[in-house]
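Text of the file query.txt, holding compact mmCIF, C-alpha atoms (C1' of nucleotides):
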```txt
# COMPACT_ATOMS: atom_id res chain seq x y z
CA MET O 1 30.55 134.03 93.44
CA VAL O 2 31.61 136.77 91.12
CA ARG O 3 30.58 136.05 87.57
CA LYS O 4 32.93 137.32 84.92
CA ILE O 5 31.34 140.11 82.89
CA ARG O 6 32.29 140.61 79.27
CA GLU O 7 35.46 142.62 78.73
CA HIS O 8 33.57 145.42 77.08
CA GLY O 9 32.00 146.91 80.18
CA GLY O 10 34.37 145.43 82.68
CA GLU O 11 34.87 146.68 86.19
CA LYS O 12 35.77 150.15 84.95
CA THR O 13 32.35 150.79 83.45
CA ALA O 14 30.66 149.23 86.46
CA GLU O 15 32.56 151.71 88.56
CA ARG O 16 31.39 154.65 86.47
CA LEU O 17 27.81 153.52 86.78
CA ARG O 18 28.05 153.07 90.52
CA ASP O 19 29.56 156.53 90.82
CA ALA O 20 26.55 157.86 88.93
CA GLY O 21 24.20 156.10 91.33
CA LEU O 22 23.24 153.48 88.76
CA ARG O 23 23.41 149.77 89.44
CA PRO O 24 25.69 148.06 86.96
CA THR O 25 23.06 145.74 85.55
CA ARG O 26 23.64 143.43 82.63
CA GLN O 27 21.64 145.68 80.30
CA ARG O 28 23.45 148.86 81.29
CA LEU O 29 26.87 147.24 81.03
CA GLU O 30 26.16 145.74 77.64
CA LEU O 31 24.68 148.96 76.25
CA ALA O 32 27.66 150.86 77.64
CA GLY O 33 29.86 148.37 75.82
CA LEU O 34 28.18 149.19 72.53
CA LEU O 35 28.13 152.92 73.19
CA PHE O 36 31.64 153.45 74.45
CA GLY O 37 33.46 150.54 72.93
CA ASP O 38 34.40 152.11 69.67
CA GLY O 39 35.11 155.84 69.44
CA ASP O 40 32.74 158.78 69.19
CA ARG O 41 29.26 157.98 68.01
CA HIS O 42 25.93 159.61 67.31
CA LEU O 43 22.95 157.32 67.75
CA THR O 44 19.21 157.31 68.18
CA ALA O 45 17.44 155.01 70.62
CA GLU O 46 16.22 152.93 67.73
CA ASN O 47 19.75 152.67 66.32
CA LEU O 48 21.11 151.40 69.60
CA HIS O 49 18.27 148.96 70.07
CA ASP O 50 18.84 147.50 66.61
CA GLU O 51 22.53 147.28 67.23
CA ALA O 52 21.99 145.50 70.52
CA GLU O 53 19.70 143.03 68.81
CA ARG O 54 22.28 142.36 66.12
CA ALA O 55 24.89 141.83 68.84
CA GLY O 56 22.66 139.28 70.50
CA ILE O 57 22.00 141.48 73.50
CA LYS O 58 18.55 141.00 74.91
CA VAL O 59 17.17 144.35 75.95
CA SER O 60 13.83 146.07 75.49
CA LEU O 61 13.38 149.37 73.70
CA ALA O 62 12.03 150.91 76.91
CA THR O 63 15.27 150.00 78.65
CA VAL O 64 17.28 151.51 75.82
CA TYR O 65 15.38 154.77 76.30
CA ASN O 66 15.76 154.62 80.08
CA THR O 67 19.44 153.89 79.79
CA LEU O 68 20.14 156.66 77.29
CA HIS O 69 18.40 159.16 79.54
CA GLN O 70 20.09 157.94 82.68
CA PHE O 71 23.49 158.04 81.00
CA THR O 72 22.75 161.53 79.75
CA GLU O 73 21.66 162.61 83.22
CA ALA O 74 24.86 161.12 84.59
CA GLY O 75 26.95 163.04 82.09
CA LEU O 76 28.11 159.96 80.19
CA LEU O 77 26.21 161.02 77.08
CA ARG O 78 25.05 164.24 75.56
CA GLN O 79 21.78 164.70 73.75
CA VAL O 80 21.94 166.62 70.48
CA MET O 81 18.88 168.39 69.11
CA VAL O 82 19.17 168.95 65.39
CA ASP O 83 16.18 167.23 63.88
CA ALA O 84 12.61 167.67 65.00
CA SER O 85 11.77 164.04 64.36
CA ARG O 86 14.44 162.25 66.37
CA SER O 87 16.90 162.62 69.22
CA TYR O 88 20.56 161.86 68.80
CA PHE O 89 22.83 160.85 71.63
CA ASP O 90 26.50 161.68 71.39
CA THR O 91 29.12 159.58 73.14
CA ASN O 92 31.56 162.46 72.94
CA ILE O 93 30.89 164.52 76.02
CA GLY O 94 33.89 166.79 75.69
CA ASN O 95 33.77 170.34 74.39
CA HIS O 96 32.96 170.13 70.70
CA GLN O 97 30.42 171.18 68.10
CA HIS O 98 28.72 169.67 65.05
CA PHE O 99 28.12 169.78 61.37
CA TYR O 100 24.66 168.49 60.56
CA CYS O 101 24.09 167.17 57.03
CA GLU O 102 20.42 167.76 56.45
CA ASP O 103 20.41 165.57 53.35
CA GLU O 104 21.52 162.44 55.11
CA ASN O 105 20.63 163.18 58.73
CA ARG O 106 24.21 162.75 59.79
CA LEU O 107 26.19 164.48 62.52
CA ILE O 108 29.91 165.14 62.23
CA ASP O 109 32.01 166.24 65.19
CA ILE O 110 33.99 169.44 65.14
CA PRO O 111 36.72 169.41 67.80
CA GLY O 112 36.21 171.84 70.66
CA GLU O 113 39.18 174.06 69.96
CA THR O 114 38.21 174.65 66.36
CA ILE O 115 35.35 177.07 66.81
CA ALA O 116 35.41 180.16 69.01
CA VAL O 117 32.20 181.87 70.06
CA ALA O 118 32.69 185.46 71.17
CA GLY O 119 30.26 188.07 72.43
CA ILE O 120 27.96 185.83 74.42
CA PRO O 121 25.63 188.16 76.27
CA VAL O 122 24.82 188.01 79.96
CA PRO O 123 22.21 185.29 80.45
CA PRO O 124 18.67 186.23 81.52
CA LYS O 125 18.34 187.21 85.16
CA GLY O 126 18.30 184.28 87.54
CA THR O 127 19.77 181.86 85.01
CA GLN O 128 23.20 180.59 84.21
CA ILE O 129 24.70 179.19 81.08
CA GLU O 130 24.68 175.46 80.90
CA ARG O 131 26.12 174.94 77.45
CA VAL O 132 26.74 176.72 74.18
CA ASP O 133 25.74 174.64 71.20
CA VAL O 134 26.87 175.43 67.70
CA VAL O 135 25.32 173.51 64.82
CA ILE O 136 26.53 174.15 61.31
CA ARG O 137 23.82 173.01 58.94
CA VAL O 138 25.06 171.89 55.56
CA ARG O 139 23.42 170.59 52.39
CA ARG O 140 24.57 169.00 49.21
CA GLN O 141 25.46 171.81 46.86
CA MET H 1 -11.46 199.97 70.00
CA VAL H 2 -12.85 196.90 68.41
CA ARG H 3 -10.58 195.58 65.76
CA LYS H 4 -12.33 193.88 62.90
CA ILE H 5 -10.80 191.22 60.75
CA ARG H 6 -7.12 191.85 60.71
CA GLU H 7 -6.09 193.74 57.64
CA HIS H 8 -2.43 193.46 58.46
CA GLY H 9 -0.32 193.12 55.45
CA GLY H 10 -3.39 192.99 53.25
CA GLU H 11 -2.19 193.15 49.71
CA LYS H 12 1.40 193.25 50.81
CA THR H 13 1.21 189.84 52.43
CA ALA H 14 -0.76 188.49 49.50
CA GLU H 15 2.07 189.67 47.31
CA ARG H 16 4.67 187.88 49.40
CA LEU H 17 2.69 184.68 49.23
CA ARG H 18 2.25 184.90 45.50
CA ASP H 19 5.96 185.51 45.10
CA ALA H 20 6.54 182.33 47.05
CA GLY H 21 4.20 180.40 44.77
CA LEU H 22 1.48 180.21 47.40
CA ARG H 23 -2.07 181.29 46.76
CA PRO H 24 -3.10 183.98 49.20
CA THR H 25 -5.98 182.04 50.74
CA ARG H 26 -8.02 183.28 53.67
CA GLN H 27 -6.27 180.84 56.03
CA ARG H 28 -2.78 181.78 54.94
CA LEU H 29 -3.50 185.48 55.12
CA GLU H 30 -5.06 185.25 58.56
CA LEU H 31 -2.29 183.08 59.95
CA ALA H 32 0.26 185.46 58.46
CA GLY H 33 -1.58 188.26 60.25
CA LEU H 34 -1.14 186.50 63.59
CA LEU H 35 2.44 185.52 62.90
CA PHE H 36 3.79 188.77 61.55
CA GLY H 37 1.43 191.29 63.08
CA ASP H 38 3.24 191.88 66.29
CA GLY H 39 7.01 191.69 66.48
CA ASP H 40 9.30 188.68 66.72
CA ARG H 41 7.71 185.51 68.00
CA HIS H 42 8.52 181.89 68.77
CA LEU H 43 5.57 179.55 68.42
CA THR H 44 4.67 175.92 68.08
CA ALA H 45 1.96 174.70 65.72
CA GLU H 46 -0.30 174.07 68.68
CA ASN H 47 0.33 177.61 69.98
CA LEU H 48 -0.64 179.15 66.69
CA HIS H 49 -3.70 176.98 66.32
CA ASP H 50 -4.92 177.97 69.79
CA GLU H 51 -4.24 181.60 69.06
CA ALA H 52 -6.16 181.43 65.81
CA GLU H 53 -9.07 179.85 67.63
CA ARG H 54 -9.05 182.59 70.27
CA ALA H 55 -8.99 185.19 67.49
CA GLY H 56 -12.04 183.58 65.90
CA ILE H 57 -10.10 182.36 62.89
CA LYS H 58 -11.44 179.10 61.58
CA VAL H 59 -8.55 176.91 60.54
CA SER H 60 -7.70 173.26 61.07
CA LEU H 61 -4.58 172.05 62.82
CA ALA H 62 -3.49 170.32 59.61
CA THR H 63 -3.60 173.63 57.80
CA VAL H 64 -1.60 175.27 60.55
CA TYR H 65 1.08 172.62 60.08
CA ASN H 66 0.96 172.95 56.31
CA THR H 67 1.16 176.71 56.50
CA LEU H 68 4.06 176.75 58.95
CA HIS H 69 6.02 174.42 56.72
CA GLN H 70 5.19 176.28 53.55
CA PHE H 71 6.14 179.60 55.13
CA THR H 72 9.38 178.07 56.37
CA GLU H 73 10.08 176.68 52.92
CA ALA H 74 9.39 180.11 51.47
CA GLY H 75 11.80 181.76 53.90
CA LEU H 76 9.12 183.65 55.81
CA LEU H 77 9.76 181.62 58.95
CA ARG H 78 12.62 179.76 60.46
CA GLN H 79 12.34 176.51 62.36
CA VAL H 80 14.29 176.27 65.59
CA MET H 81 15.31 172.92 67.03
CA VAL H 82 16.00 173.14 70.72
CA ASP H 83 13.65 170.67 72.32
CA ALA H 84 13.19 167.07 71.24
CA SER H 85 9.48 167.16 71.99
CA ARG H 86 8.33 170.14 69.94
CA SER H 87 9.22 172.38 67.03
CA TYR H 88 9.37 176.12 67.36
CA PHE H 89 8.89 178.51 64.48
CA ASP H 90 10.58 181.88 64.64
CA THR H 91 9.14 184.89 62.84
CA ASN H 92 12.51 186.57 62.96
CA ILE H 93 14.30 185.34 59.87
CA GLY H 94 17.21 187.74 60.13
CA ASN H 95 20.65 186.79 61.36
CA HIS H 96 20.33 186.14 65.08
CA GLN H 97 20.78 183.48 67.73
CA HIS H 98 18.98 182.23 70.84
CA PHE H 99 19.03 181.69 74.52
CA TYR H 100 16.96 178.66 75.44
CA CYS H 101 15.62 178.49 78.98
CA GLU H 102 15.32 174.79 79.65
CA ASP H 103 13.27 175.35 82.78
CA GLU H 104 10.47 177.18 81.05
CA ASN H 105 10.90 176.05 77.44
CA ARG H 106 11.30 179.60 76.30
CA LEU H 107 13.40 181.08 73.49
CA ILE H 108 14.93 184.53 73.69
CA ASP H 109 16.44 186.26 70.68
CA ILE H 110 20.02 187.40 70.63
CA PRO H 111 20.59 190.01 67.91
CA GLY H 112 22.78 188.90 65.06
CA GLU H 113 25.66 191.26 65.63
CA THR H 114 26.04 190.23 69.25
CA ILE H 115 27.72 186.88 68.83
CA ALA H 116 30.69 186.13 66.59
CA VAL H 117 31.54 182.59 65.59
CA ALA H 118 35.13 182.19 64.41
CA GLY H 119 37.03 179.20 63.14
CA ILE H 120 34.26 177.47 61.23
CA PRO H 121 35.95 174.62 59.38
CA VAL H 122 35.51 173.80 55.71
CA PRO H 123 32.24 171.91 55.33
CA PRO H 124 32.29 168.23 54.31
CA LYS H 125 33.09 167.62 50.67
CA GLY H 126 30.19 168.28 48.33
CA THR H 127 28.24 170.30 50.86
CA GLN H 128 27.84 173.93 51.62
CA ILE H 129 26.90 175.79 54.76
CA GLU H 130 23.28 176.66 55.00
CA ARG H 131 23.19 178.23 58.42
CA VAL H 132 25.15 178.46 61.64
CA ASP H 133 22.96 178.04 64.69
CA VAL H 134 24.09 179.02 68.14
CA VAL H 135 21.92 178.02 71.09
CA ILE H 136 22.90 179.11 74.56
CA ARG H 137 21.19 176.80 77.01
CA VAL H 138 20.47 178.33 80.38
CA ARG H 139 18.89 177.09 83.60
CA ARG H 140 17.68 178.64 86.81
CA GLN H 141 20.68 178.88 89.07
C1' DA B 1 -19.73 180.02 34.02
C1' DT B 2 -16.60 176.37 33.51
C1' DC B 3 -12.60 174.02 34.25
C1' DT B 4 -8.40 172.84 36.40
C1' DT B 5 -5.43 173.00 39.96
C1' DC B 6 -4.38 174.05 44.43
C1' DT B 7 -6.02 174.15 49.24
C1' DT B 8 -8.46 172.89 53.27
C1' DT B 9 -10.38 169.68 56.28
C1' DA B 10 -11.75 165.95 59.68
C1' DG B 11 -10.28 162.16 61.10
C1' DA B 12 -7.33 158.25 60.72
C1' DA B 13 -2.68 156.89 60.81
C1' DC B 14 1.90 157.10 62.11
C1' DT B 15 6.22 157.54 64.87
C1' DA B 16 8.99 158.49 68.53
C1' DT B 17 8.76 158.34 73.13
C1' DT B 18 6.83 157.61 77.78
C1' DC B 19 4.03 155.16 80.99
C1' DT B 20 2.26 151.12 83.66
C1' DA B 21 2.27 147.53 86.59
C1' DA B 22 4.01 143.10 87.12
C1' DA B 23 8.05 140.15 87.19
C1' DG B 24 12.99 140.03 87.86
C1' DT B 25 17.63 141.38 89.88
C1' DG B 26 21.22 143.43 92.82
C1' DG B 27 22.94 144.21 96.97
C1' DT B 28 22.53 143.98 101.90
C1' DT B 29 21.72 141.95 106.21
C1' DG B 30 21.17 138.27 109.55
C1' DC F 1 22.75 130.97 102.40
C1' DA F 2 17.87 133.01 102.76
C1' DA F 3 15.10 136.82 103.26
C1' DC F 4 14.32 141.25 102.11
C1' DC F 5 13.69 145.59 99.74
C1' DA F 6 14.72 148.94 96.63
C1' DC F 7 15.89 149.37 92.05
C1' DT F 8 15.43 147.64 87.24
C1' DT F 9 13.50 145.53 83.31
C1' DT F 10 9.84 144.41 80.39
C1' DA F 11 5.78 143.94 77.15
C1' DG F 12 2.38 146.24 75.85
C1' DA F 13 -0.64 150.14 76.24
C1' DA F 14 -0.82 154.98 76.07
C1' DT F 15 0.44 159.54 74.67
C1' DA F 16 1.82 163.55 71.91
C1' DG F 17 3.20 165.70 68.07
C1' DT F 18 2.96 165.42 63.43
C1' DT F 19 1.73 163.65 58.82
C1' DC F 20 -1.40 161.40 55.71
C1' DT F 21 -5.79 160.62 53.12
C1' DA F 22 -9.33 161.45 50.19
C1' DA F 23 -13.18 164.19 49.59
C1' DA F 24 -15.11 168.87 49.57
C1' DG F 25 -14.07 173.72 48.81
C1' DA F 26 -11.78 177.88 46.86
C1' DA F 27 -8.63 180.35 43.52
C1' DG F 28 -7.32 181.68 39.10
C1' DA F 29 -7.44 181.04 34.17
C1' DT F 30 -10.24 180.58 30.02
```

Take the structure from the file and write it as structure tokens.
Amino acid sequence: MVRKIREHGGEKTAERLRDAGLRPTRQRLELAGLLFGDGDRHLTAENLHDEAERAGIKVSLATVYNTLHQFTEAGLLRQVMVDASRSYFDTNIGNHQHFYCEDENRLIDIPGETIAVAGIPVPPKGTQIERVDVVIRVRRQ
Amino acid sequence: MVRKIREHGGEKTAERLRDAGLRPTRQRLELAGLLFGDGDRHLTAENLHDEAERAGIKVSLATVYNTLHQFTEAGLLRQVMVDASRSYFDTNIGNHQHFYCEDENRLIDIPGETIAVAGIPVPPKGTQIERVDVVIRVRRQ
DNA sequence: ATCTTCTTTAGAACTATTCTAAAGTGGTTG
DNA sequence: CAACCACTTTAGAATAGTTCTAAAGAAGAT
């Protein structure tokens, strides 16, 4: 019998996970619900784990880490490196860049068409460009 | 030729440290010698500590961390965030950007005039731009 | 020399993250 | 459905990089 899964993940998310070679387990579907249910977000593993707890979702921190990495691997998330002490995951996987407020450890999206990067040199021999990241660091003035 | 204790920078480095409000201690002077003695470099704290040990410089890891942060604070170094698992310090503090080889965890400088970033939006209210970082991530093809 | 303040240090502590190995689940097949 | 097997989850331990602590040591001023 097919048990009805909460609207959040639904069959559409399950499909995406299957396409990525990931079984649509309860934990993955519920975390996906939190991650993708409400616009573009920037979260740490700890953030997401807390949020899941608050939402009554039972999931271990290890699974949160596994899931974030698997989603990133699958191209459903993007990892943003701006702070040495923690990793942010961005639910916006389209072409865009970031402001990073160093005072409040907060990321703000900059739409992809806004910034133009010109003059990118030829990459080192034997390598190819994977991504061009622009981070604009700002502070309270 | 056998090189004795590194005299690099000698009084000049001491001067820079004093200007930054840092006493020119033996440890700071010797670490500065390693850092600034030989062109542009990208190092982790562990790297520098190992290097100091190999050079017969007696300094604790805690002091290496302290020194790297103080030098960064003083504008003698720049911290580069490209990898969630470790912090790199760049001895090149001029305007420039980086390639980051994700396969070998290696940074490569791109001179400042090479890349042009256009269309930077107005920073969030009450903040001002501190720096614009461009990281070009490359992988073995 | 003496004093005060800053600096260094070893080791403990801390934090984010990863690992382990055992129990649980999903999906398939008969 | 039942049996099966590969994948997944989990609690807790382990790890790695970094920071903290508090006591000893060095720098600079008097």

- Message: Set the distance at 10 Å and use only C-alpha atoms (C1' of nucleotides): which residues neighbour DA14 in chain F once local chain neighbours fewer than 3 positions away are removed? I'd like the list as number ranges by chain.
- Response: B: 18-20

Output chain H as a short mmCIF file (atom, residue, chain, number, x, y, z; two decimals) with C-alpha atoms, in the frame of the given file, after least-squares fitting it to chain O on all in-order C-alpha pairs.
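Once everything was written out, this is part.cif:
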```cif
data_model
loop_
_atom_site.label_atom_id
_atom_site.label_comp_id
_atom_site.auth_asym_id
_atom_site.auth_seq_id
_atom_site.Cartn_x
_atom_site.Cartn_y
_atom_site.Cartn_z
CA MET H 1 38.58 135.34 68.79
CA VAL H 2 35.22 134.88 70.35
CA ARG H 3 34.46 137.59 72.79
CA LYS H 4 32.32 136.54 75.69
CA ILE H 5 30.08 138.84 77.63
CA ARG H 6 31.61 142.24 77.45
CA GLU H 7 33.64 142.99 80.52
CA HIS H 8 34.30 146.53 79.44
CA GLY H 9 34.44 148.88 82.29
CA GLY H 10 33.49 146.11 84.68
CA GLU H 11 33.88 147.49 88.14
CA LYS H 12 34.90 150.85 86.81
CA THR H 13 31.58 151.39 85.07
CA ALA H 14 29.72 150.05 88.07
CA GLU H 15 31.53 152.65 90.11
CA ARG H 16 30.49 155.45 87.79
CA LEU H 17 26.89 154.35 87.96
CA ARG H 18 26.92 154.14 91.72
CA ASP H 19 28.43 157.60 91.90
CA ALA H 20 25.54 158.81 89.79
CA GLY H 21 23.04 157.20 92.14
CA LEU H 22 22.23 154.42 89.69
CA ARG H 23 22.37 150.77 90.61
CA PRO H 24 24.76 148.93 88.35
CA THR H 25 22.19 146.52 86.93
CA ARG H 26 22.94 144.02 84.19
CA GLN H 27 21.07 146.14 81.63
CA ARG H 28 22.83 149.36 82.52
CA LEU H 29 26.24 147.73 82.53
CA GLU H 30 25.70 146.03 79.20
CA LEU H 31 24.32 149.14 77.54
CA ALA H 32 27.23 151.12 78.95
CA GLY H 33 29.52 148.51 77.40
CA LEU H 34 28.00 149.13 73.97
CA LEU H 35 27.93 152.88 74.38
CA PHE H 36 31.39 153.48 75.77
CA GLY H 37 33.27 150.46 74.50
CA ASP H 38 34.36 151.82 71.20
CA GLY H 39 35.13 155.50 70.75
CA ASP H 40 32.79 158.44 70.24
CA ARG H 41 29.35 157.60 68.95
CA HIS H 42 26.07 159.22 67.99
CA LEU H 43 23.06 156.98 68.44
CA THR H 44 19.31 157.04 68.70
CA ALA H 45 17.40 154.90 71.18
CA GLU H 46 16.29 152.66 68.36
CA ASN H 47 19.90 152.29 67.16
CA LEU H 48 21.07 151.21 70.56
CA HIS H 49 18.20 148.83 71.05
CA ASP H 50 18.92 147.14 67.71
CA GLU H 51 22.59 146.95 68.53
CA ALA H 52 21.88 145.38 71.89
CA GLU H 53 19.66 142.83 70.21
CA ARG H 54 22.37 141.97 67.68
CA ALA H 55 24.84 141.59 70.55
CA GLY H 56 22.48 139.16 72.28
CA ILE H 57 21.73 141.56 75.10
CA LYS H 58 18.21 141.17 76.37
CA VAL H 59 16.79 144.59 77.13
CA SER H 60 13.48 146.28 76.40
CA LEU H 61 13.13 149.46 74.40
CA ALA H 62 11.66 151.18 77.47
CA THR H 63 14.80 150.39 79.41
CA VAL H 64 16.95 151.71 76.60
CA TYR H 65 15.05 154.99 76.78
CA ASN H 66 15.26 155.07 80.56
CA THR H 67 18.95 154.31 80.51
CA LEU H 68 19.77 156.92 77.87
CA HIS H 69 17.96 159.56 79.88
CA GLN H 70 19.48 158.53 83.16
CA PHE H 71 22.97 158.50 81.65
CA THR H 72 22.33 161.92 80.14
CA GLU H 73 21.08 163.20 83.48
CA ALA H 74 24.20 161.79 85.11
CA GLY H 75 26.45 163.52 82.59
CA LEU H 76 27.65 160.32 80.94
CA LEU H 77 25.91 161.21 77.68
CA ARG H 78 24.86 164.33 75.92
CA GLN H 79 21.69 164.73 73.91
CA VAL H 80 22.01 166.43 70.55
CA MET H 81 19.06 168.14 68.92
CA VAL H 82 19.52 168.48 65.20
CA ASP H 83 16.57 166.71 63.67
CA ALA H 84 12.95 167.24 64.64
CA SER H 85 12.12 163.58 64.14
CA ARG H 86 14.68 161.88 66.37
CA SER H 87 17.01 162.39 69.30
CA TYR H 88 20.67 161.58 69.11
CA PHE H 89 22.80 160.74 72.11
CA ASP H 90 26.49 161.52 71.97
CA THR H 91 29.00 159.51 73.97
CA ASN H 92 31.48 162.34 73.70
CA ILE H 93 30.67 164.61 76.61
CA GLY H 94 33.73 166.80 76.25
CA ASN H 95 33.70 170.27 74.76
CA HIS H 96 33.07 169.84 71.05
CA GLN H 97 30.66 170.74 68.27
CA HIS H 98 29.07 169.09 65.24
CA PHE H 99 28.64 169.00 61.55
CA TYR H 100 25.20 167.68 60.65
CA CYS H 101 24.78 166.17 57.20
CA GLU H 102 21.14 166.75 56.41
CA ASP H 103 21.23 164.40 53.45
CA GLU H 104 22.26 161.37 55.43
CA ASN H 105 21.20 162.33 58.96
CA ARG H 106 24.71 161.92 60.20
CA LEU H 107 26.61 163.79 62.92
CA ILE H 108 30.34 164.39 62.76
CA ASP H 109 32.33 165.64 65.73
CA ILE H 110 34.33 168.82 65.58
CA PRO H 111 36.94 168.92 68.36
CA GLY H 112 36.35 171.52 71.01
CA GLU H 113 39.37 173.68 70.34
CA THR H 114 38.55 174.03 66.67
CA ILE H 115 35.72 176.52 66.85
CA ALA H 116 35.69 179.74 68.85
CA VAL H 117 32.46 181.51 69.66
CA ALA H 118 32.95 185.17 70.58
CA GLY H 119 30.50 187.84 71.60
CA ILE H 120 28.09 185.74 73.62
CA PRO H 121 25.72 188.22 75.24
CA VAL H 122 24.74 188.27 78.90
CA PRO H 123 22.08 185.61 79.42
CA PRO H 124 18.51 186.65 80.29
CA LYS H 125 18.04 187.84 83.84
CA GLY H 126 17.91 185.05 86.40
CA THR H 127 19.42 182.48 84.08
CA GLN H 128 22.85 181.13 83.49
CA ILE H 129 24.48 179.53 80.50
CA GLU H 130 24.42 175.80 80.53
CA ARG H 131 25.99 175.07 77.19
CA VAL H 132 26.77 176.66 73.86
CA ASP H 133 25.88 174.43 70.95
CA VAL H 134 27.19 175.02 67.47
CA VAL H 135 25.74 172.95 64.63
CA ILE H 136 27.11 173.37 61.15
CA ARG H 137 24.50 172.11 58.73
CA VAL H 138 25.87 170.79 55.48
CA ARG H 139 24.34 169.33 52.32
CA ARG H 140 25.60 167.54 49.27
CA GLN H 141 26.64 170.21 46.82
#
```

- Message: Using all atoms listed in the file and a distance of at most 9 Å, pull out the residues of chain O that contact chain H, as a VMD selection string.
- Response: chain O and resid 80 to 87 99 101 108 110 113 to 121 123 to 141

- Just need the residues of chain F within 9 Å of chain O, counting all atoms listed in the file, so spit them out as a PyMOL selection string. chain F and resi 7-11+18

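Here C1' of DT21 in chain F stands at a distance of 15.5 Å from CA of Tyr65 in chain H.
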
What are the closest atom pairs, with distances in Å to one decimal, for each residue of chain B lying within 12 Å of chain O, using only C-alpha atoms (C1' of nucleotides), rows by chain and rising residue number, as a Markdown table?
```
| residue | atom | partner | partner_atom | distance |
| --- | --- | --- | --- | --- |
| B:DT15 | C1' | O:Ser85 | CA | 8.6 |
| B:DA16 | C1' | O:Arg86 | CA | 7.0 |
| B:DT17 | C1' | O:Tyr65 | CA | 8.2 |
| B:DT18 | C1' | O:Ala62 | CA | 8.5 |
| B:DC19 | C1' | O:Ala62 | CA | 9.9 |
| B:DT20 | C1' | O:Ala62 | CA | 11.9 |
| B:DG24 | C1' | O:Thr25 | CA | 11.8 |
| B:DT25 | C1' | O:Thr25 | CA | 8.2 |
| B:DG26 | C1' | O:Arg23 | CA | 7.5 |
| B:DG27 | C1' | O:Arg23 | CA | 9.4 |
```

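For the pair CA of Gly94 in chain O and CA of Glu15 in chain O, the interatomic distance is 19.9 Å.
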
- Message: So the first atom is CA of Ala74 in chain O and the second is CA of Glu53 in chain O; what is the distance between them in Å, to one decimal place?
- Response: 24.6 Å
